[in-house]
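File shown: input_26.cif (mmCIF, C-alpha atoms and all ligand atoms).
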```cif
data_input
#
loop_
_atom_site.label_atom_id
_atom_site.label_comp_id
_atom_site.auth_asym_id
_atom_site.auth_seq_id
_atom_site.Cartn_x
_atom_site.Cartn_y
_atom_site.Cartn_z
CA MET A 9 8.31 80.14 0.29
CA GLU A 10 11.17 80.52 -2.17
CA LYS A 11 11.81 84.19 -2.98
CA PRO A 12 11.34 85.04 -6.65
CA ALA A 13 14.87 85.71 -7.86
CA ILE A 14 15.86 88.37 -10.33
CA HIS A 15 17.69 86.19 -12.82
CA GLN A 16 21.28 87.31 -13.08
CA GLN A 17 22.80 87.26 -16.52
CA PRO A 18 26.46 86.98 -17.35
CA PRO A 19 28.05 90.43 -17.62
CA GLN A 20 26.61 92.18 -20.66
CA VAL A 21 29.07 93.08 -23.37
CA ASP A 22 26.53 94.42 -25.81
CA THR A 23 26.89 97.82 -27.35
CA ILE A 24 24.58 99.79 -25.17
CA ILE A 25 26.24 98.75 -21.93
CA SER A 26 29.68 99.46 -23.39
CA GLN A 27 28.40 102.91 -24.36
CA ILE A 28 27.04 103.59 -20.87
CA GLU A 29 30.32 102.53 -19.28
CA ALA A 30 32.30 104.63 -21.78
CA GLY A 31 30.09 107.58 -20.75
CA ARG A 32 30.77 106.82 -17.06
CA SER A 33 34.54 106.84 -17.77
CA ARG A 34 34.30 110.16 -19.64
CA LEU A 35 32.46 111.72 -16.71
CA LEU A 36 34.95 110.26 -14.22
CA ASN A 37 37.78 111.86 -16.21
CA SER A 38 36.11 115.24 -16.56
CA GLU A 39 37.55 118.14 -14.57
CA GLY A 40 34.42 120.25 -14.13
CA LEU A 41 32.14 120.93 -11.22
CA VAL A 42 28.45 120.05 -11.25
CA SER A 43 27.80 123.72 -10.45
CA ASP A 44 29.52 124.74 -13.75
CA MET A 45 26.82 122.95 -15.74
CA PRO A 46 23.76 124.72 -17.11
CA GLY A 47 20.44 124.38 -15.32
CA THR A 48 19.05 124.91 -11.85
CA ALA A 49 21.33 123.81 -9.03
CA GLY A 50 20.28 121.32 -6.39
CA PRO A 51 21.46 121.50 -2.78
CA PHE A 52 24.18 118.86 -3.33
CA ASP A 53 25.73 120.33 -6.48
CA ASP A 54 28.76 121.97 -4.90
CA GLN A 55 31.01 119.06 -5.91
CA SER A 56 33.05 117.81 -8.86
CA ILE A 57 31.37 115.81 -11.61
CA LYS A 58 33.81 113.02 -10.79
CA LYS A 59 32.53 112.93 -7.19
CA ALA A 60 28.92 113.02 -8.39
CA VAL A 61 29.58 109.98 -10.59
CA GLY A 62 30.75 108.21 -7.42
CA GLY A 63 27.16 108.54 -6.16
CA SER A 64 25.91 106.35 -9.00
CA LYS A 65 25.53 102.59 -8.80
CA ASN A 66 28.61 100.61 -9.79
CA LYS A 67 28.60 98.32 -12.81
CA GLY A 68 27.67 95.19 -10.85
CA ASN A 69 24.70 96.87 -9.18
CA CYS A 70 23.69 98.40 -12.52
CA GLN A 71 23.64 94.90 -13.98
CA TYR A 72 21.08 93.97 -11.29
CA LEU A 73 18.97 96.98 -12.31
CA TYR A 74 19.30 96.05 -16.00
CA ASP A 75 18.21 92.47 -15.23
CA ALA A 76 15.32 93.70 -13.07
CA ALA A 77 14.15 96.06 -15.84
CA LYS A 78 14.42 93.34 -18.46
CA GLN A 79 12.41 90.96 -16.30
CA TYR A 80 9.90 93.33 -14.72
CA GLY A 81 10.00 96.65 -16.58
CA SER A 82 7.63 95.98 -19.47
CA GLY A 83 4.89 98.24 -18.07
CA GLY A 84 7.21 101.20 -17.52
CA VAL A 85 9.91 102.27 -15.08
CA VAL A 86 10.05 105.06 -12.52
CA GLU A 87 13.25 106.29 -10.88
CA LEU A 88 13.61 108.75 -8.01
CA GLY A 89 17.24 110.00 -8.12
CA THR A 90 18.65 110.60 -11.61
CA ASN A 91 22.08 111.95 -10.64
CA VAL A 92 24.19 111.83 -13.84
CA GLY A 93 21.94 109.24 -15.50
CA ILE A 94 23.86 105.99 -15.10
CA SER A 95 21.25 103.85 -13.34
CA SER A 96 18.46 105.26 -15.53
CA ALA A 97 20.50 104.32 -18.61
CA TYR A 98 20.75 100.70 -17.40
CA LEU A 99 17.06 100.65 -16.41
CA THR A 100 16.11 101.96 -19.84
CA ALA A 101 18.37 99.50 -21.65
CA GLY A 102 16.87 96.62 -19.65
CA ALA A 103 13.29 97.82 -20.12
CA LEU A 104 13.84 97.97 -23.87
CA GLN A 105 14.64 94.25 -23.70
CA SER A 106 11.51 93.48 -21.66
CA GLY A 107 9.20 92.90 -24.57
CA GLY A 108 7.09 96.04 -24.13
CA SER A 109 7.80 99.57 -25.29
CA PRO A 110 8.08 100.90 -21.80
CA LYS A 111 8.19 104.48 -20.71
CA VAL A 112 10.98 105.50 -18.32
CA VAL A 113 10.64 108.61 -16.14
CA THR A 114 13.40 109.73 -13.77
CA GLY A 115 13.44 112.66 -11.38
CA ASP A 116 15.99 114.75 -9.50
CA VAL A 117 16.09 118.07 -7.69
CA SER A 118 19.13 119.14 -9.74
CA GLY A 119 18.55 120.46 -13.26
CA LYS A 120 22.34 120.41 -13.67
CA ARG A 121 22.53 116.65 -13.03
CA ILE A 122 19.53 116.06 -15.25
CA GLY A 123 21.38 117.94 -18.01
CA ILE A 124 24.41 115.65 -17.63
CA ALA A 125 22.09 112.63 -17.67
CA LYS A 126 20.37 113.81 -20.85
CA ASP A 127 23.75 114.09 -22.59
CA LEU A 128 24.76 110.60 -21.45
CA HIS A 129 21.45 109.12 -22.60
CA ARG A 130 21.70 110.88 -25.96
CA GLN A 131 25.22 109.52 -26.46
CA CYS A 132 23.86 106.02 -25.78
CA GLY A 133 20.90 106.42 -28.12
CA LEU A 134 18.44 106.37 -25.20
CA THR A 135 16.42 109.30 -26.44
CA HIS A 136 12.98 108.56 -25.04
CA VAL A 137 13.69 108.92 -21.29
CA GLU A 138 11.59 111.59 -19.58
CA TYR A 139 12.91 113.82 -16.80
CA VAL A 140 11.17 115.60 -13.94
CA GLU A 141 13.07 118.30 -12.09
CA GLY A 142 12.25 119.22 -8.49
CA TYR A 143 12.14 117.95 -4.93
CA PHE A 144 10.47 114.55 -4.60
CA GLU A 145 8.37 116.09 -1.85
CA GLN A 146 6.63 117.98 -4.68
CA THR A 147 7.26 115.69 -7.67
CA ALA A 148 7.12 112.03 -6.54
CA GLU A 149 3.38 111.58 -7.13
CA HIS A 150 3.61 113.39 -10.46
CA ILE A 151 6.50 111.15 -11.55
CA PHE A 152 4.45 108.02 -10.83
CA ASN A 153 1.42 109.57 -12.55
CA ARG A 154 3.51 110.01 -15.69
CA VAL A 155 3.83 106.20 -15.90
CA PRO A 156 0.36 104.90 -15.01
CA GLY A 157 1.20 101.29 -15.91
CA TRP A 158 4.59 101.21 -14.17
CA THR A 159 5.84 97.78 -13.16
CA LEU A 160 9.31 98.67 -11.80
CA ALA A 161 10.46 101.52 -9.56
CA PHE A 162 13.94 102.39 -8.28
CA ILE A 163 14.04 104.69 -5.24
CA ASP A 164 17.51 106.25 -4.94
CA GLY A 165 17.32 109.71 -3.38
CA ASP A 166 16.17 111.42 -0.17
CA HIS A 167 17.73 108.69 1.96
CA THR A 168 15.91 109.58 5.16
CA TYR A 169 13.68 107.42 7.37
CA ASP A 170 10.62 109.59 6.74
CA GLY A 171 11.28 109.94 3.01
CA THR A 172 11.82 106.22 2.47
CA LEU A 173 8.66 105.24 4.33
CA LYS A 174 6.71 107.92 2.47
CA TYR A 175 7.87 106.49 -0.89
CA TYR A 176 7.09 102.96 0.30
CA ASP A 177 3.57 104.12 1.19
CA LEU A 178 3.24 105.86 -2.17
CA VAL A 179 4.24 102.75 -4.14
CA ARG A 180 2.17 100.44 -1.92
CA LYS A 181 -0.97 102.43 -2.69
CA ARG A 182 -0.30 102.33 -6.45
CA ALA A 183 1.37 98.98 -7.04
CA ARG A 184 -0.56 96.26 -8.83
CA PRO A 185 0.32 92.58 -8.40
CA GLY A 186 3.60 91.94 -10.19
CA CYS A 187 5.09 95.40 -9.57
CA VAL A 188 8.65 95.44 -8.18
CA VAL A 189 10.30 98.25 -6.22
CA ILE A 190 14.02 98.49 -5.44
CA PHE A 191 15.18 100.75 -2.60
CA ASP A 192 18.83 101.72 -2.76
CA ASP A 193 21.23 102.28 0.14
CA ILE A 194 19.22 100.40 2.74
CA GLU A 195 22.40 100.04 4.83
CA TRP A 196 23.74 103.54 4.17
CA SER A 197 22.77 105.08 7.55
CA ASP A 198 20.91 104.31 10.76
CA GLN A 199 17.84 106.01 9.31
CA MET A 200 17.97 103.83 6.20
CA ARG A 201 18.53 100.64 8.26
CA GLN A 202 15.51 101.59 10.42
CA ALA A 203 13.40 102.39 7.37
CA TRP A 204 14.23 99.04 5.74
CA ALA A 205 13.51 97.19 9.02
CA GLU A 206 10.11 98.89 9.12
CA ILE A 207 9.37 98.03 5.47
CA LYS A 208 10.30 94.40 6.17
CA LYS A 209 7.85 94.41 9.09
CA ILE A 210 4.90 95.85 7.16
CA HIS A 211 5.42 94.53 3.62
CA LYS A 212 3.03 91.71 2.81
CA GLY A 213 4.76 90.34 -0.30
CA GLN A 214 8.17 88.90 -1.11
CA ILE A 215 11.24 90.85 -0.10
CA SER A 216 14.99 90.48 -0.52
CA ALA A 217 18.22 92.40 0.10
CA LYS A 218 21.35 92.33 -2.02
CA ASP A 219 24.42 94.61 -2.11
CA GLY A 220 22.70 97.36 -0.14
CA MET A 221 19.59 97.29 -2.34
CA GLY A 222 16.26 96.11 -0.97
CA THR A 223 13.74 94.67 -3.42
CA VAL A 224 10.04 94.26 -2.71
CA TRP A 225 7.52 92.37 -4.85
CA PHE A 226 3.82 93.25 -4.84
C1 LIG B 301 22.56 108.60 -5.07
S1 LIG B 301 22.11 109.79 -6.27
C2 LIG B 301 21.25 108.83 -7.49
C3 LIG B 301 22.18 107.93 -8.25
C4 LIG B 301 21.57 107.33 -9.50
N1 LIG B 301 20.34 106.60 -9.21
C5 LIG B 301 22.55 106.36 -10.15
O1 LIG B 301 22.78 105.27 -9.57
O2 LIG B 301 23.09 106.68 -11.22
C6 LIG B 301 20.79 110.62 -5.47
C7 LIG B 301 20.19 111.77 -6.27
O3 LIG B 301 18.99 112.16 -5.63
C8 LIG B 301 18.86 113.56 -5.67
N2 LIG B 301 18.05 113.92 -4.49
C9 LIG B 301 18.37 113.73 -3.18
N3 LIG B 301 17.35 114.13 -2.40
C10 LIG B 301 16.36 114.57 -3.24
C11 LIG B 301 15.04 115.10 -3.02
N4 LIG B 301 14.54 115.24 -1.80
N5 LIG B 301 14.31 115.42 -4.12
C12 LIG B 301 14.81 115.28 -5.37
N6 LIG B 301 16.06 114.79 -5.63
C13 LIG B 301 16.82 114.44 -4.57
C14 LIG B 301 20.27 114.11 -5.64
O4 LIG B 301 20.34 115.38 -6.29
C15 LIG B 301 21.07 113.02 -6.35
O5 LIG B 301 21.30 113.33 -7.70
#
```
Can you present the structure in this file as structure tokens?
Amino acid sequence: MEKPAIHQQPPQVDTIISQIEAGRSRLLNSEGLVSDMPGTAGPFDDQSIKKAVGGSKNKGNCQYLYDAAKQYGSGGVVELGTNVGISSAYLTAGALQSGGSPKVVTGDVSGKRIGIAKDLHRQCGLTHVEYVEGYFEQTAEHIFNRVPGWTLAFIDGDHTYDGTLKYYDLVRKRARPGCVVIFDDIEWSDQMRQAWAEIKKIHKGQISAKDGMGTVWF
């Protein structure tokens, strides 16, 4: 059967995307360390803000997330892995175009990164994103509970075999028909390749891989 495509749009030049990319450039040019920022530190925060930005999806991949949110995000969007807020900004911008008035909740262990993300979102006028600070081991269920009608999830943190399969199990138990989940970095390590191979084996619905992101349809 033909896989349901996420319709790609020509590169967006609208204001919001320009603002997000301007924010990315500002962060890439900043001299500070993540650890200099206010808030509770996460275990990966001993690095420059510039380096942290490098952990965010590039513009092309963000366009995929924007398109996915526009097409599938009308019930609400969940993200595990806020970092400095770039992918959540694209997901929010796309969800706002989806026809609903969707809630977006994103979570990260680092309060410092969440603080940077909040500033970026504010600068882009994306003021209604919600943030959950803490380890996914403790917060993942709570994050999904905050968006009971979620229709799109982006899993981009805790890139371990066990973590990835745990989040797959969590979404599988909650997903209604039509929900879409995107796993990032499925080729990033042996553990992630094994986790994606396992998901491909057990997932009953449609599935596709593109630019290191694996998408599953329920
Ligand atoms: C690759 S970055 C996310 C990038 C972001 N989605 C983007 O594209 O803009 C991964 C994030 O997950 C967070 N993280 C990693 N493991 C985590 C865990 N077990 N619990 C909570 N956050 C975690 C890190 O602090 C980091 O900010």
May I have a table of the residues of chain A lying at most 10 Å from ligand LIG 301 (chain B), giving each one's closest pair of atoms and their distance in Å to one decimal, counting all atoms listed in the file, ordered by chain and ascending residue number, as JSON lines?
```
{"residue": "A:Arg32", "atom": "CA", "partner": "B:LIG301", "partner_atom": "O2", "distance": 9.6}
{"residue": "A:Ala49", "atom": "CA", "partner": "B:LIG301", "partner_atom": "O4", "distance": 8.9}
{"residue": "A:Gly50", "atom": "CA", "partner": "B:LIG301", "partner_atom": "O4", "distance": 5.9}
{"residue": "A:Pro51", "atom": "CA", "partner": "B:LIG301", "partner_atom": "O4", "distance": 7.1}
{"residue": "A:Phe52", "atom": "CA", "partner": "B:LIG301", "partner_atom": "O4", "distance": 6.0}
{"residue": "A:Asp53", "atom": "CA", "partner": "B:LIG301", "partner_atom": "O4", "distance": 7.3}
{"residue": "A:Ala60", "atom": "CA", "partner": "B:LIG301", "partner_atom": "O5", "distance": 7.7}
{"residue": "A:Val61", "atom": "CA", "partner": "B:LIG301", "partner_atom": "O2", "distance": 7.3}
{"residue": "A:Gly62", "atom": "CA", "partner": "B:LIG301", "partner_atom": "C1", "distance": 8.5}
{"residue": "A:Gly63", "atom": "CA", "partner": "B:LIG301", "partner_atom": "C1", "distance": 4.7}
{"residue": "A:Ser64", "atom": "CA", "partner": "B:LIG301", "partner_atom": "O1", "distance": 3.4}
{"residue": "A:Lys65", "atom": "CA", "partner": "B:LIG301", "partner_atom": "O1", "distance": 3.9}
{"residue": "A:Asn66", "atom": "CA", "partner": "B:LIG301", "partner_atom": "O1", "distance": 7.5}
{"residue": "A:Lys67", "atom": "CA", "partner": "B:LIG301", "partner_atom": "O1", "distance": 9.6}
{"residue": "A:Asn69", "atom": "CA", "partner": "B:LIG301", "partner_atom": "O1", "distance": 8.6}
{"residue": "A:Cys70", "atom": "CA", "partner": "B:LIG301", "partner_atom": "O1", "distance": 7.5}
{"residue": "A:Leu73", "atom": "CA", "partner": "B:LIG301", "partner_atom": "O1", "distance": 9.5}
{"residue": "A:Glu87", "atom": "CA", "partner": "B:LIG301", "partner_atom": "N1", "distance": 7.3}
{"residue": "A:Leu88", "atom": "CA", "partner": "B:LIG301", "partner_atom": "O3", "distance": 6.8}
{"residue": "A:Gly89", "atom": "CA", "partner": "B:LIG301", "partner_atom": "O3", "distance": 3.7}
{"residue": "A:Thr90", "atom": "CA", "partner": "B:LIG301", "partner_atom": "C4", "distance": 4.9}
{"residue": "A:Asn91", "atom": "CA", "partner": "B:LIG301", "partner_atom": "O5", "distance": 3.3}
{"residue": "A:Val92", "atom": "CA", "partner": "B:LIG301", "partner_atom": "O2", "distance": 5.9}
{"residue": "A:Gly93", "atom": "CA", "partner": "B:LIG301", "partner_atom": "O2", "distance": 5.1}
{"residue": "A:Ile94", "atom": "CA", "partner": "B:LIG301", "partner_atom": "O2", "distance": 4.0}
{"residue": "A:Ser95", "atom": "CA", "partner": "B:LIG301", "partner_atom": "O2", "distance": 4.0}
{"residue": "A:Ser96", "atom": "CA", "partner": "B:LIG301", "partner_atom": "O2", "distance": 6.5}
{"residue": "A:Ala97", "atom": "CA", "partner": "B:LIG301", "partner_atom": "O2", "distance": 8.2}
{"residue": "A:Tyr98", "atom": "CA", "partner": "B:LIG301", "partner_atom": "O2", "distance": 8.9}
{"residue": "A:Leu99", "atom": "CA", "partner": "B:LIG301", "partner_atom": "N1", "distance": 9.9}
{"residue": "A:Thr114", "atom": "CA", "partner": "B:LIG301", "partner_atom": "N1", "distance": 8.9}
{"residue": "A:Gly115", "atom": "CA", "partner": "B:LIG301", "partner_atom": "N6", "distance": 6.7}
{"residue": "A:Asp116", "atom": "CA", "partner": "B:LIG301", "partner_atom": "N6", "distance": 3.9}
{"residue": "A:Val117", "atom": "CA", "partner": "B:LIG301", "partner_atom": "C12", "distance": 3.8}
{"residue": "A:Ser118", "atom": "CA", "partner": "B:LIG301", "partner_atom": "O4", "distance": 5.2}
{"residue": "A:Gly119", "atom": "CA", "partner": "B:LIG301", "partner_atom": "O4", "distance": 8.8}
{"residue": "A:Lys120", "atom": "CA", "partner": "B:LIG301", "partner_atom": "O4", "distance": 9.2}
{"residue": "A:Arg121", "atom": "CA", "partner": "B:LIG301", "partner_atom": "O5", "distance": 6.4}
{"residue": "A:Ile122", "atom": "CA", "partner": "B:LIG301", "partner_atom": "O5", "distance": 8.2}
{"residue": "A:Ala125", "atom": "CA", "partner": "B:LIG301", "partner_atom": "O2", "distance": 8.8}
{"residue": "A:Val140", "atom": "CA", "partner": "B:LIG301", "partner_atom": "C12", "distance": 9.3}
{"residue": "A:Glu141", "atom": "CA", "partner": "B:LIG301", "partner_atom": "C12", "distance": 7.6}
{"residue": "A:Gly142", "atom": "CA", "partner": "B:LIG301", "partner_atom": "C12", "distance": 5.6}
{"residue": "A:Tyr143", "atom": "CA", "partner": "B:LIG301", "partner_atom": "N5", "distance": 3.4}
{"residue": "A:Phe144", "atom": "CA", "partner": "B:LIG301", "partner_atom": "N5", "distance": 4.0}
{"residue": "A:Glu145", "atom": "CA", "partner": "B:LIG301", "partner_atom": "N4", "distance": 6.2}
{"residue": "A:Gln146", "atom": "CA", "partner": "B:LIG301", "partner_atom": "N5", "distance": 8.1}
{"residue": "A:Thr147", "atom": "CA", "partner": "B:LIG301", "partner_atom": "N5", "distance": 7.9}
{"residue": "A:Ala148", "atom": "CA", "partner": "B:LIG301", "partner_atom": "N5", "distance": 8.3}
{"residue": "A:Phe162", "atom": "CA", "partner": "B:LIG301", "partner_atom": "N1", "distance": 7.7}
{"residue": "A:Ile163", "atom": "CA", "partner": "B:LIG301", "partner_atom": "N1", "distance": 7.7}
{"residue": "A:Asp164", "atom": "CA", "partner": "B:LIG301", "partner_atom": "N1", "distance": 5.1}
{"residue": "A:Gly165", "atom": "CA", "partner": "B:LIG301", "partner_atom": "O3", "distance": 3.7}
{"residue": "A:Asp166", "atom": "CA", "partner": "B:LIG301", "partner_atom": "N3", "distance": 3.7}
{"residue": "A:His167", "atom": "CA", "partner": "B:LIG301", "partner_atom": "N3", "distance": 7.0}
{"residue": "A:Thr168", "atom": "CA", "partner": "B:LIG301", "partner_atom": "N3", "distance": 8.9}
{"residue": "A:Gly171", "atom": "CA", "partner": "B:LIG301", "partner_atom": "N4", "distance": 7.9}
{"residue": "A:Asp192", "atom": "CA", "partner": "B:LIG301", "partner_atom": "C1", "distance": 8.2}
{"residue": "A:Asp193", "atom": "CA", "partner": "B:LIG301", "partner_atom": "C1", "distance": 8.3}
```
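Comparing A:Ala76, A:Val179, A:Ala161, A:Ile57 by their smallest distance to Glu149 (chain A), the closest is A:Val179 (using only C-alpha atoms).
Among the candidates A:Asp54, A:Ser216, A:His150, A:Leu160, the one nearest to Ser106 (chain A) when counting only C-alpha atoms is A:Leu160.
Pairwise distance (CA of Ser197 (chain A), CA of Ile210 (chain A)) equals 20.1 Å.
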Exercise. Go ahead and compute the interatomic distance for CA of Gly157 (chain A) and CA of Thr135 (chain A), in Å to one decimal.
Key: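 Computing the Euclidean distance for CA of Gly157 (chain A) and CA of Thr135 (chain A) yields 20.2 Å.
Of the listed residues (A:Gly123, A:Pro110, A:His136, A:Ala101), A:Gly123 comes nearest to Val42 (chain A); the distances count all atoms listed in the file.
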Self-check item: Gap from CA of Gly220 (chain A) to CA of Ile28 (chain A) - Å, one decimal
Solution: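 The value is 22.1 Å.
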Quiz item: With distances taken over all atoms listed in the file, which of A:Gln131, A:Gln71, A:Thr23, A:Thr172 is nearest to Gly102 (chain A)?
Solution: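 Of all the options, A:Gln71 lies closest to Gly102 (chain A).
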Practice problem: Return the single residue from A:Ile25, A:Ile207, A:Gly68, A:Glu39 that is closest to Ser56 (chain A), with distances computed using all atoms listed in the file. | Solution: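 Ranking A:Ile25, A:Ile207, A:Gly68, A:Glu39 by distance to Ser56 (chain A), first place goes to A:Glu39.
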Self-check item: Distance query Ala205 (chain A) at most 12 Å, all atoms listed in the file, self and fewer than 2 positions along chain excluded, as a PyMOL selection string
Solution: chain A and resi 169+172-173+194-195+198-203+207-211+215-217+222
Store the residues picked out above in a file with C-alpha atoms, as a PDB file, in the frame of the given file.
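The result, stored in selection.pdb:
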```pdb
ATOM      1  CA  TYR A 169      13.680 107.420   7.370  1.00  0.00           C
ATOM      2  CA  THR A 172      11.820 106.220   2.470  1.00  0.00           C
ATOM      3  CA  LEU A 173       8.660 105.240   4.330  1.00  0.00           C
ATOM      4  CA  ILE A 194      19.220 100.400   2.740  1.00  0.00           C
ATOM      5  CA  GLU A 195      22.400 100.040   4.830  1.00  0.00           C
ATOM      6  CA  ASP A 198      20.910 104.310  10.760  1.00  0.00           C
ATOM      7  CA  GLN A 199      17.840 106.010   9.310  1.00  0.00           C
ATOM      8  CA  MET A 200      17.970 103.830   6.200  1.00  0.00           C
ATOM      9  CA  ARG A 201      18.530 100.640   8.260  1.00  0.00           C
ATOM     10  CA  GLN A 202      15.510 101.590  10.420  1.00  0.00           C
ATOM     11  CA  ALA A 203      13.400 102.390   7.370  1.00  0.00           C
ATOM     12  CA  ILE A 207       9.370  98.030   5.470  1.00  0.00           C
ATOM     13  CA  LYS A 208      10.300  94.400   6.170  1.00  0.00           C
ATOM     14  CA  LYS A 209       7.850  94.410   9.090  1.00  0.00           C
ATOM     15  CA  ILE A 210       4.900  95.850   7.160  1.00  0.00           C
ATOM     16  CA  HIS A 211       5.420  94.530   3.620  1.00  0.00           C
ATOM     17  CA  ILE A 215      11.240  90.850  -0.100  1.00  0.00           C
ATOM     18  CA  SER A 216      14.990  90.480  -0.520  1.00  0.00           C
ATOM     19  CA  ALA A 217      18.220  92.400   0.100  1.00  0.00           C
ATOM     20  CA  GLY A 222      16.260  96.110  -0.970  1.00  0.00           C
TER      21      GLY A 222
END
```
Quiz item: From the list A:Thr159, A:Lys212, A:Leu36, A:Phe226, which residue is nearest Pro185 (chain A) when using all atoms listed in the file?
Solution: A:Phe226
Starting from the structure just given, write a file holding region 76-148 of chain A with C-alpha atoms, as a PDB file, in the first residue's frame.
```pdb
ATOM      1  CA  ALA A  76       3.644  17.497   9.600  1.00  0.00           C
ATOM      2  CA  ALA A  77       2.166  19.830  12.240  1.00  0.00           C
ATOM      3  CA  LYS A  78       0.127  21.688   9.649  1.00  0.00           C
ATOM      4  CA  GLN A  79      -1.223  18.421   8.281  1.00  0.00           C
ATOM      5  CA  TYR A  80      -1.600  16.374  11.457  1.00  0.00           C
ATOM      6  CA  GLY A  81      -1.286  18.696  14.457  1.00  0.00           C
ATOM      7  CA  SER A  82      -4.837  19.988  14.807  1.00  0.00           C
ATOM      8  CA  GLY A  83      -5.516  17.970  17.980  1.00  0.00           C
ATOM      9  CA  GLY A  84      -2.364  19.147  19.747  1.00  0.00           C
ATOM     10  CA  VAL A  85       1.364  18.480  19.630  1.00  0.00           C
ATOM     11  CA  VAL A  86       3.732  16.876  22.124  1.00  0.00           C
ATOM     12  CA  GLU A  87       7.520  17.164  21.948  1.00  0.00           C
ATOM     13  CA  LEU A  88      10.101  15.333  24.054  1.00  0.00           C
ATOM     14  CA  GLY A  89      13.357  17.337  23.729  1.00  0.00           C
ATOM     15  CA  THR A  90      12.947  21.127  23.718  1.00  0.00           C
ATOM     16  CA  ASN A  91      16.622  22.121  23.568  1.00  0.00           C
ATOM     17  CA  VAL A  92      16.653  25.837  22.613  1.00  0.00           C
ATOM     18  CA  GLY A  93      13.136  25.730  21.152  1.00  0.00           C
ATOM     19  CA  ILE A  94      13.720  25.615  17.405  1.00  0.00           C
ATOM     20  CA  SER A  95      11.777  22.467  16.499  1.00  0.00           C
ATOM     21  CA  SER A  96       8.969  23.373  18.917  1.00  0.00           C
ATOM     22  CA  ALA A  97       8.723  26.791  17.241  1.00  0.00           C
ATOM     23  CA  TYR A  98       8.248  25.127  13.825  1.00  0.00           C
ATOM     24  CA  LEU A  99       5.806  22.572  15.264  1.00  0.00           C
ATOM     25  CA  THR A 100       3.797  25.370  16.858  1.00  0.00           C
ATOM     26  CA  ALA A 101       3.824  27.485  13.697  1.00  0.00           C
ATOM     27  CA  GLY A 102       2.625  24.487  11.662  1.00  0.00           C
ATOM     28  CA  ALA A 103      -0.030  23.496  14.205  1.00  0.00           C
ATOM     29  CA  LEU A 104      -1.410  27.032  14.135  1.00  0.00           C
ATOM     30  CA  GLN A 105      -1.998  26.510  10.400  1.00  0.00           C
ATOM     31  CA  SER A 106      -3.727  23.158  10.956  1.00  0.00           C
ATOM     32  CA  GLY A 107      -7.213  24.514  11.367  1.00  0.00           C
ATOM     33  CA  GLY A 108      -7.562  23.789  15.089  1.00  0.00           C
ATOM     34  CA  SER A 109      -6.346  25.829  18.039  1.00  0.00           C
ATOM     35  CA  PRO A 110      -3.914  23.195  19.134  1.00  0.00           C
ATOM     36  CA  LYS A 111      -2.029  23.012  22.365  1.00  0.00           C
ATOM     37  CA  VAL A 112       1.738  22.418  22.163  1.00  0.00           C
ATOM     38  CA  VAL A 113       3.642  20.995  25.137  1.00  0.00           C
ATOM     39  CA  THR A 114       7.402  20.431  25.050  1.00  0.00           C
ATOM     40  CA  GLY A 115       9.654  18.961  27.710  1.00  0.00           C
ATOM     41  CA  ASP A 116      13.344  18.905  28.582  1.00  0.00           C
ATOM     42  CA  VAL A 117      15.499  18.049  31.579  1.00  0.00           C
ATOM     43  CA  SER A 118      17.254  21.431  31.332  1.00  0.00           C
ATOM     44  CA  GLY A 119      15.508  24.479  32.779  1.00  0.00           C
ATOM     45  CA  LYS A 120      18.284  26.554  31.207  1.00  0.00           C
ATOM     46  CA  ARG A 121      17.434  25.336  27.687  1.00  0.00           C
ATOM     47  CA  ILE A 122      13.740  25.776  28.362  1.00  0.00           C
ATOM     48  CA  GLY A 123      14.498  29.386  29.348  1.00  0.00           C
ATOM     49  CA  ILE A 124      16.284  29.986  26.024  1.00  0.00           C
ATOM     50  CA  ALA A 125      13.362  28.354  24.196  1.00  0.00           C
ATOM     51  CA  LYS A 126      10.826  30.566  25.982  1.00  0.00           C
ATOM     52  CA  ASP A 127      12.741  33.679  24.875  1.00  0.00           C
ATOM     53  CA  LEU A 128      12.882  32.447  21.274  1.00  0.00           C
ATOM     54  CA  HIS A 129       9.169  31.632  21.256  1.00  0.00           C
ATOM     55  CA  ARG A 130       8.309  35.012  22.773  1.00  0.00           C
ATOM     56  CA  GLN A 131      10.375  36.783  20.104  1.00  0.00           C
ATOM     57  CA  CYS A 132       8.406  34.879  17.453  1.00  0.00           C
ATOM     58  CA  GLY A 133       5.030  35.635  19.023  1.00  0.00           C
ATOM     59  CA  LEU A 134       4.521  31.968  19.954  1.00  0.00           C
ATOM     60  CA  THR A 135       3.333  32.701  23.453  1.00  0.00           C
ATOM     61  CA  HIS A 136       1.043  29.767  24.170  1.00  0.00           C
ATOM     62  CA  VAL A 137       3.597  26.911  24.202  1.00  0.00           C
ATOM     63  CA  GLU A 138       3.726  25.003  27.488  1.00  0.00           C
ATOM     64  CA  TYR A 139       6.938  23.643  28.994  1.00  0.00           C
ATOM     65  CA  VAL A 140       7.610  20.732  31.316  1.00  0.00           C
ATOM     66  CA  GLU A 141      10.986  20.533  33.018  1.00  0.00           C
ATOM     67  CA  GLY A 142      12.454  17.221  34.178  1.00  0.00           C
ATOM     68  CA  TYR A 143      13.692  13.830  33.060  1.00  0.00           C
ATOM     69  CA  PHE A 144      11.341  12.103  30.622  1.00  0.00           C
ATOM     70  CA  GLU A 145      11.595   9.065  32.866  1.00  0.00           C
ATOM     71  CA  GLN A 146       9.467  11.107  35.307  1.00  0.00           C
ATOM     72  CA  THR A 147       7.667  13.528  32.962  1.00  0.00           C
ATOM     73  CA  ALA A 148       6.835  11.753  29.675  1.00  0.00           C
TER      74      ALA A 148
END
```
